[in-house]
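**Q** After the structure tokens below, expect a handful of questions from me.
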Amino acid sequence: MRTTPFYDRTSVLNKSGLWEHWAGYLNAKQYHFSEKQEYFAVRNSAGVYDTSPLYKYRIYGQDAEKFLSGVLARDVTKCRSGNAQYTIWCDDNGFVIEDGMLFRPSESEFMLTAAEPNLAYFQSLIGRASVQIDDVSQEIASLAVQGPRSQTILSAIASEVGELRPFGLIETKFGGVPVSVSRTGFTGDLGYELWVDAADALDVWDTLFDAGEGHGLAPFGETALIMTRIEAGLLLIGADFGSSRYAWTDGARSTPVELGLGWMFRDLENDQRSFIGRDAIQRDLDGAARRRLVGLTLDWEAWDATYKGMGHVPPKDHTPLLDEIPLFDKKGNRAGFATSFMYSPVMQNHIAIAQVDPEFVALGSEIDYEVTIDHELHYIKSVVTKMPFYDPPQRTET
Amino acid sequence: MTPQGEYDAIVIGGGHNGLINGAYLAKAGFRTLILERRDVLGGAAITEELHPGFQFTTFSYALSQFRPQIVHELQLVKYGFMPLLMESQLTPMENGDYLLLGQDEQENITEIRRHSKHDADAFEQFSYDVARVVEAIRPLLDSIPPDITSSDPEELMRMAALAQHVRSLPPRVVHNGMRLLTGSISDFLDDYFESEILKASIAAAGIIGSKVGPKSQGSGLVMLYMSIGEHDGDQGAWAFHKGGNGGLMQVLARAAEGHGAEIATGTSVSHVITNNGVATGVALDDGRELKSNVVVSSLDPRRTFLQLVEPRELPTELVDSVNRMRFQGTSAKVNFALDGLPHFPALADRGEEPFRGFLNVGPTIDYLERAFDDAKYGWYSQHPYLDACVQSTIDRDMAPPGKHVMSNFVQYAPYELKDGDWDTERENLGDTVQTTLERFFPGFGELVLHREVVTPLDIERTTGLTEGNIYGGEFLAPQMFFFRPAPGWNQYRTPISGYYQCGSGTHPGGCVMGAPARLAASQVIGDRKQKS
């Protein structure tokens, strides 16, 4: 299995010996014996996650904006240079292929990240347009620096980082090494991502950790990342949805509206773009969506009473459960399914990201969540809750 | 704020129990006023910047028994509740070795096997047995205990429910519970373990805050009490609240105000005003009087019954019980601002990790028992037990970058010194603690930027806790449950109508638990409903 450009550092720091595989790379599952400590580093000081395995595509040329306007579902023209945009791309039927972050360092140059390979797909759509797409996944190493102290630490290296607004992007230098910094991340907290030439990776890591000395800056692994992204209500491909490209049935596919991304098309009537999936998405917005994405908070009393009633100590397990869990209405009819579930230490409750029948979309709607205790099924009340579950003020403060 | 007008309820004392009680009453619709004598809220749960940039948890320093119901019922998350896991316990040994237990079960087994192969699964059996006892006792923390002096049918039902609960438990759980509630922690541990360091690391929990040694009967009860809490469902785990317990008090104050309570600091209560055995309000030290038909004291039983009201108005038997209640504070705190992290040679390559929990200085049962011997004869331990934590490794806001704060809970330091006084001995105690730390963490003294020594006398003077007892009355079997603080008065009411108690001197007792305040509020609310 390949290792990322930061491996000389991460391999020494990973005391647990636990690694996952991601896009063909070793990816730390957790560094410490306590993954909860890594989670609290992100929530309370700052954490560093090696995102280098991400697929990264450099898209450039005089038609780059026009090309992306037709390929990506969200309006790329709204992403001015020096900014980043969370985006998706869909198929003709309006089903989501994947999501990713689009960065626009200049008018005619973009970088798109994705969790899975998409180069052939994008290239097949170029046609006559004057656009180049390079896979720069291996050339660019990246780190997410997330948490309330991230700004203090990064500003000490390059003061202009402190001026970045959410989704802002700048090019700066860390002790002479060129680094692109975006105010983005997957944790729902104040946070940044660093994009560097792979050859400079270790220098940047060292500069970062020198600046983080005394601030509690700690590397965090996939478990802590997934915990924070669930609390942030952020979707993960393979967990909350699957790519429509490889789905066998429409039942396994999801539309943007079904995934809670309808807000991307709020201004669709003034949007003149002809993009892939537009008509289907319009129908979905007009009410065709089969289900809706919601946050669920489990009723703590019902949870405790159910487990105690079975003679158990009620578990409060923060490690995420990414299996599909069925949901029911009060009459026992199917009402949807949860896709990401955990006990949230900052919310002090069990929470889930779920897709439910449209009638349950209102905040406060009650839905039963299924659990298995001693091989028996039990149903625990949950309540539809606003996402993000955890939304600290520093996330958006400027 | 300046309190004025009439209130539905006045709570005396702005420590955690006062704030929680006031919050519940306000949430139930009472126009509630919480009065705190000092300018800072929190009582014995405060955080203070005693050296520029360094936040000290002067008294109380960690969190475990805090009732999860309170978090939900008072919506504390909305007001900033954030307990951070304390992930480990490091017990250094005299020979430079150590026992380090953390979050990874397999790693813990490996670590225990280093000291004793026998004790590896014995530790799992011990943890299981204690968990079963804890789970059996926990419901009692969240319910009003029966009044054994009453023949009221409701009380008889409560007794019957209790008997039924005990009957429903497996015999081994009942037996282990009885052994812990009445016996010594040392005897209990001998049944499981051969490793001295493992025994000592657990036994230390049996002496916290109490004038007992690990070989004394009664230390089992204290250990049980220290195991009864949780962090996010992890039984017996401890946390450090963001900003210390003073940070938690800010959360509680915001919650109390959010639910509608008024809080007045710097407002000292002289006494409770009564009329024919009925409370009608409080008189302040500045001469003002505030009216309220409900007055709740969060102060300890001595102050609640012997100072805030006239003992002459109370039944002699109650006064006698309160006078006989044992406090005898026996713990001190020595807190440091440090220039860097303490150095433990055998773990030098592990960085901060071994310091992100408790440092438990007390390597053998005999070490702990000898420390107690000093106290038995009226002096503080020459080789004290220390329950230390470098809290800035858990919450960076406690100290400037690269610097640290360290809290040391110290035993034994008896309130009554036989041939001396605490005002003379204060810094000598500080030196004794520092010397002890130097022994286990070489070079410690060079790190010290600032030192705060808090004797039992200081605890009493500052917080009002009688004799500096951190629990508002010792954790002894005859002072718990049916008898806390006195037989017949263990249900938060007092002989004075409308006057209630909600402090740590009531069931289930001290620590930052909040249960007394929550249960007392339910009693007040229930009584008022009946009246209206």
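The way I read the labels, and the way they are meant: chains A, B, ... in the order of the structure tokens, residue 1 as the first residue of every chain, and ligand 1 as the first ligand shown, with later ones counted on from there.
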Applying 7 Å and only C-alpha atoms, which residues near Arg149 (chain A) remain after dropping the ones on its own chain fewer than 3 positions away? List them as a list in words.
**A** Ser45, Ala46, Thr152 and Ile153 of chain A
**Q** Return as a Markdown table the residues of chain B lying at most 9 Å from chain A, together with the closest atom-to-atom pair for each and the distance in Å to one decimal, counting only C-alpha atoms, with rows in chain order and ascending residue number.
**A**
```
| residue | atom | partner | partner_atom | distance |
| --- | --- | --- | --- | --- |
| B:Pro68 | CA | A:Gln348 | CA | 8.7 |
| B:Gln69 | CA | A:Glu301 | CA | 8.6 |
| B:Val71 | CA | A:Gln348 | CA | 8.0 |
| B:His72 | CA | A:Trp300 | CA | 8.1 |
| B:Val77 | CA | A:Met347 | CA | 6.2 |
| B:Lys78 | CA | A:Met347 | CA | 8.7 |
| B:Phe81 | CA | A:Val346 | CA | 7.8 |
| B:Met82 | CA | A:Val346 | CA | 6.2 |
| B:Pro83 | CA | A:Val346 | CA | 8.1 |
| B:Leu84 | CA | A:Phe40 | CA | 6.9 |
| B:Leu85 | CA | A:Gln37 | CA | 7.1 |
| B:Met86 | CA | A:Gln37 | CA | 8.6 |
| B:Glu87 | CA | A:Ser34 | CA | 7.2 |
| B:Gly102 | CA | A:Phe33 | CA | 7.6 |
| B:Gln103 | CA | A:Ser34 | CA | 5.5 |
| B:Asp104 | CA | A:Phe33 | CA | 5.5 |
| B:Glu107 | CA | A:Phe33 | CA | 8.2 |
| B:Glu135 | CA | A:Val313 | CA | 7.6 |
| B:Asp232 | CA | A:Lys316 | CA | 5.9 |
| B:Gly233 | CA | A:Lys316 | CA | 5.1 |
| B:Asp234 | CA | A:Lys316 | CA | 7.5 |
| B:Lys242 | CA | A:Asn44 | CA | 8.4 |
| B:Glu353 | CA | A:His32 | CA | 8.6 |
| B:Thr393 | CA | A:Gly216 | CA | 7.3 |
| B:Ile394 | CA | A:Gly216 | CA | 8.3 |
| B:Asp395 | CA | A:Asn44 | CA | 7.2 |
| B:Arg396 | CA | A:His215 | CA | 6.2 |
| B:Asp397 | CA | A:Ser45 | CA | 8.7 |
| B:Pro400 | CA | A:Gly214 | CA | 7.8 |
| B:Pro401 | CA | A:Gly214 | CA | 4.2 |
| B:Gly402 | CA | A:Gly214 | CA | 4.0 |
| B:Lys403 | CA | A:Gly214 | CA | 7.3 |
```
**Q** Using only C-alpha atoms, find the one residue out of A:Trp303, A:His375, A:Leu259, A:Asp271 that sits nearest to Thr339 (chain A).
**A**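 Checking each candidate against Thr339 (chain A), we get A:Leu259 as the closest.
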**Q** Identify all residues of region 288-410 of chain B in helix (DSSP H, G or I) (DSSP on the backbone) and supply them as a ChimeraX atom specification.
**A** /B:301-306,311-313,316-324,345-350,353-355,365-376,391-393,396-398
**Q** Between CA of Arg356 (chain B) and CA of Ser331 (chain B), what is the distance, to one decimal in Å?
**A**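 Computing the Euclidean distance for CA of Arg356 (chain B) and CA of Ser331 (chain B) yields 23.0 Å.
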**Q** Excluding Ala205 (chain B) and any residue of its chain fewer than 5 positions from it, enumerate the residues within 10 Å of it, using only C-alpha atoms, and give them as a compact mmCIF listing (two decimals) with N, CA and C atoms, in the first residue's frame.
**A**
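Generated file (selection10.txt):
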```txt
# COMPACT_ATOMS: atom_id res chain seq x y z
N ILE B 185 -10.97 -0.89 51.60
CA ILE B 185 -10.64 -1.10 50.20
C ILE B 185 -9.44 -2.04 50.09
N ALA B 200 -2.39 -0.29 44.99
CA ALA B 200 -2.25 1.08 45.50
C ALA B 200 -2.95 2.08 44.58
N PRO B 214 -6.37 3.32 53.72
CA PRO B 214 -6.85 2.23 52.86
C PRO B 214 -7.17 0.97 53.66
N SER B 219 -13.20 2.75 53.87
CA SER B 219 -12.51 3.20 52.65
C SER B 219 -13.12 2.54 51.41
N GLY B 220 -13.77 1.40 51.60
CA GLY B 220 -14.47 0.77 50.47
C GLY B 220 -15.58 1.66 49.96
N LEU B 221 -16.30 2.26 50.89
CA LEU B 221 -17.42 3.14 50.52
C LEU B 221 -16.91 4.34 49.71
N VAL B 222 -15.80 4.90 50.14
CA VAL B 222 -15.27 6.07 49.44
C VAL B 222 -14.82 5.68 48.02
N MET B 223 -14.19 4.50 47.90
CA MET B 223 -13.76 4.02 46.57
C MET B 223 -14.99 3.84 45.67
N LEU B 224 -16.05 3.27 46.26
CA LEU B 224 -17.27 3.06 45.49
C LEU B 224 -17.81 4.40 44.99
N TYR B 225 -17.78 5.38 45.88
CA TYR B 225 -18.28 6.70 45.52
C TYR B 225 -17.47 7.33 44.39
N MET B 226 -16.16 7.08 44.42
CA MET B 226 -15.30 7.64 43.37
C MET B 226 -15.48 6.89 42.05
N SER B 227 -16.12 5.70 42.11
CA SER B 227 -16.30 4.89 40.90
C SER B 227 -17.69 5.04 40.30
N ASN B 360 -0.91 9.80 40.06
CA ASN B 360 -1.37 9.25 41.32
C ASN B 360 -0.14 8.92 42.16
N ASP B 387 -3.10 13.39 44.42
CA ASP B 387 -3.88 13.12 43.21
C ASP B 387 -3.69 14.36 42.34
```
**Q** So that I can check the surroundings of Phe481 (chain B), please list as a PyMOL selection string every protein, DNA and RNA residue that reaches within 6 Å of it, counting only C-alpha atoms and ignoring chain neighbours fewer than 2 positions away.
**A** chain B and resi 483-484+507
**Q** Limited to N, CA and C atoms, could you put the picked residues into a file as a compact mmCIF listing (two decimals), in the first residue's frame?
**A**
```
# COMPACT_ATOMS: atom_id res chain seq x y z
N PHE B 483 -29.49 8.64 56.75
CA PHE B 483 -28.97 9.46 57.85
C PHE B 483 -28.30 10.75 57.40
N ARG B 484 -28.42 11.08 56.11
CA ARG B 484 -27.72 12.28 55.64
C ARG B 484 -28.72 13.40 55.48
N HIS B 507 -28.47 13.80 50.91
CA HIS B 507 -28.32 12.66 50.01
C HIS B 507 -28.25 13.13 48.56
```
**Q** Please list as a ChimeraX atom specification every residue within 6 Å of region 134-147 of chain A, counting only C-alpha atoms and excluding residues in the same chain fewer than 5 positions away.
**A** /A:42-43,45-52,55-58,189-198
**Q** From a backbone DSSP assignment, name each residue in region 157-278 of chain A labelled strand (DSSP E), as a PyMOL selection string.
**A** chain A and resi 169-174+177-182+191-197+217-219
**Q** Mind writing the picked residues with C-alpha atoms as a short mmCIF file (atom, residue, chain, number, x, y, z; two decimals), in the first residue's frame?
**A**
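Contents of again-v3.cif, as written:
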```
data_model
loop_
_atom_site.label_atom_id
_atom_site.label_comp_id
_atom_site.auth_asym_id
_atom_site.auth_seq_id
_atom_site.Cartn_x
_atom_site.Cartn_y
_atom_site.Cartn_z
CA LEU A 169 -8.36 30.70 -0.65
CA ILE A 170 -4.94 32.34 -0.69
CA GLU A 171 -1.46 31.52 -1.82
CA THR A 172 1.18 32.21 0.77
CA LYS A 173 4.50 30.93 2.02
CA PHE A 174 5.45 28.90 5.06
CA VAL A 177 7.71 27.23 0.85
CA PRO A 178 4.66 28.05 -1.33
CA VAL A 179 1.43 26.90 0.30
CA SER A 180 -2.17 27.39 -0.76
CA VAL A 181 -4.44 27.81 2.25
CA SER A 182 -8.20 27.52 2.11
CA GLY A 191 -10.48 25.11 10.07
CA TYR A 192 -8.16 25.30 7.10
CA GLU A 193 -6.68 23.07 4.45
CA LEU A 194 -3.11 23.38 3.22
CA TRP A 195 -2.17 22.43 -0.35
CA VAL A 196 1.51 22.00 -1.05
CA ASP A 197 3.89 20.50 -3.56
CA LEU A 217 -1.96 20.60 17.97
CA ALA A 218 -2.35 16.86 17.45
CA PRO A 219 -2.71 14.58 14.44
#
```
**Q** Which neighbours of Ala44 (chain B) fall inside 9 Å, counting only C-alpha atoms, when residues of the same chain fewer than 4 positions from it are skipped, and could you give them as a short mmCIF file (atom, residue, chain, number, x, y, z; two decimals) with C-alpha atoms, in the first residue's frame?
**A**
```cif
data_model
loop_
_atom_site.label_atom_id
_atom_site.label_comp_id
_atom_site.auth_asym_id
_atom_site.auth_seq_id
_atom_site.Cartn_x
_atom_site.Cartn_y
_atom_site.Cartn_z
CA GLY B 15 -22.06 26.76 44.42
CA HIS B 16 -23.00 24.03 42.00
CA THR B 58 -8.28 26.23 43.53
CA PHE B 59 -10.45 23.55 45.12
CA SER B 60 -12.48 21.04 43.12
CA ASN B 245 -15.11 23.37 37.30
CA GLY B 246 -15.23 27.17 37.34
CA ILE B 459 -11.19 25.80 52.36
CA THR B 462 -13.14 30.78 51.63
CA THR B 463 -16.01 28.46 50.83
CA GLY B 464 -17.67 28.10 54.22
CA LEU B 465 -17.40 24.30 54.17
CA ILE B 470 -14.92 18.73 50.76
#
```
**Q** Name the residues in contact with Lys29 (chain A) at a cut-off of 10 Å, using only C-alpha atoms, excluding same-chain residues fewer than 5 positions from it; report them as a PyMOL selection string.
**A** chain A and resi 14+16-21+35+220-225
**Q** Would you output that residue set with N, CA and C atoms, as a PDB file, in the first residue's frame?
**A**
```
ATOM      1  N   ASN A  14       1.950   7.584  14.740  1.00  0.00           N
ATOM      2  CA  ASN A  14       0.866   6.624  14.915  1.00  0.00           C
ATOM      3  C   ASN A  14       1.284   5.531  15.898  1.00  0.00           C
ATOM      4  N   SER A  16      -0.799   3.744  17.670  1.00  0.00           N
ATOM      5  CA  SER A  16      -1.797   2.682  17.773  1.00  0.00           C
ATOM      6  C   SER A  16      -1.529   1.557  16.780  1.00  0.00           C
ATOM      7  N   GLY A  17      -0.800   1.866  15.715  1.00  0.00           N
ATOM      8  CA  GLY A  17      -0.575   0.866  14.677  1.00  0.00           C
ATOM      9  C   GLY A  17      -1.806   0.601  13.831  1.00  0.00           C
ATOM     10  N   LEU A  18      -2.826   1.420  13.966  1.00  0.00           N
ATOM     11  CA  LEU A  18      -4.068   1.196  13.223  1.00  0.00           C
ATOM     12  C   LEU A  18      -4.108   2.101  11.994  1.00  0.00           C
ATOM     13  N   TRP A  19      -4.238   1.477  10.823  1.00  0.00           N
ATOM     14  CA  TRP A  19      -4.317   2.224   9.564  1.00  0.00           C
ATOM     15  C   TRP A  19      -5.497   1.716   8.751  1.00  0.00           C
ATOM     16  N   GLU A  20      -6.097   2.613   8.002  1.00  0.00           N
ATOM     17  CA  GLU A  20      -7.121   2.225   7.028  1.00  0.00           C
ATOM     18  C   GLU A  20      -6.497   2.352   5.631  1.00  0.00           C
ATOM     19  N   HIS A  21      -7.231   1.852   4.649  1.00  0.00           N
ATOM     20  CA  HIS A  21      -6.809   2.072   3.257  1.00  0.00           C
ATOM     21  C   HIS A  21      -7.750   3.094   2.641  1.00  0.00           C
ATOM     22  N   GLU A  35      -8.847   7.609  20.703  1.00  0.00           N
ATOM     23  CA  GLU A  35      -9.270   8.394  19.548  1.00  0.00           C
ATOM     24  C   GLU A  35     -10.143   9.567  20.005  1.00  0.00           C
ATOM     25  N   PHE A 220      -4.943  13.766  13.935  1.00  0.00           N
ATOM     26  CA  PHE A 220      -6.112  12.930  14.221  1.00  0.00           C
ATOM     27  C   PHE A 220      -6.396  12.001  13.053  1.00  0.00           C
ATOM     28  N   GLY A 221      -7.006  10.881  13.385  1.00  0.00           N
ATOM     29  CA  GLY A 221      -7.237   9.847  12.395  1.00  0.00           C
ATOM     30  C   GLY A 221      -8.665   9.821  11.897  1.00  0.00           C
ATOM     31  N   GLU A 222      -8.958   8.785  11.110  1.00  0.00           N
ATOM     32  CA  GLU A 222     -10.244   8.721  10.427  1.00  0.00           C
ATOM     33  C   GLU A 222     -11.429   8.645  11.392  1.00  0.00           C
ATOM     34  N   THR A 223     -11.256   7.952  12.506  1.00  0.00           N
ATOM     35  CA  THR A 223     -12.377   7.837  13.449  1.00  0.00           C
ATOM     36  C   THR A 223     -12.793   9.217  13.949  1.00  0.00           C
ATOM     37  N   ALA A 224     -11.816  10.006  14.373  1.00  0.00           N
ATOM     38  CA  ALA A 224     -12.137  11.349  14.874  1.00  0.00           C
ATOM     39  C   ALA A 224     -12.687  12.225  13.753  1.00  0.00           C
ATOM     40  N   LEU A 225     -12.172  12.038  12.525  1.00  0.00           N
ATOM     41  CA  LEU A 225     -12.670  12.830  11.391  1.00  0.00           C
ATOM     42  C   LEU A 225     -14.154  12.536  11.151  1.00  0.00           C
TER      43      LEU A 225
END
```
**Q** CA of Arg37 (chain B) and CA of Val512 (chain B), how far apart in Å?
**A**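 Calculated distance between CA of Val512 (chain B) and CA of Arg37 (chain B) is 19.4 Å.
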**Q** For CA of Lys27 (chain B) and CA of Ala255 (chain B), determine how far apart the two atoms are, in Å to one decimal place.
**A**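 The value is 9.7 Å.
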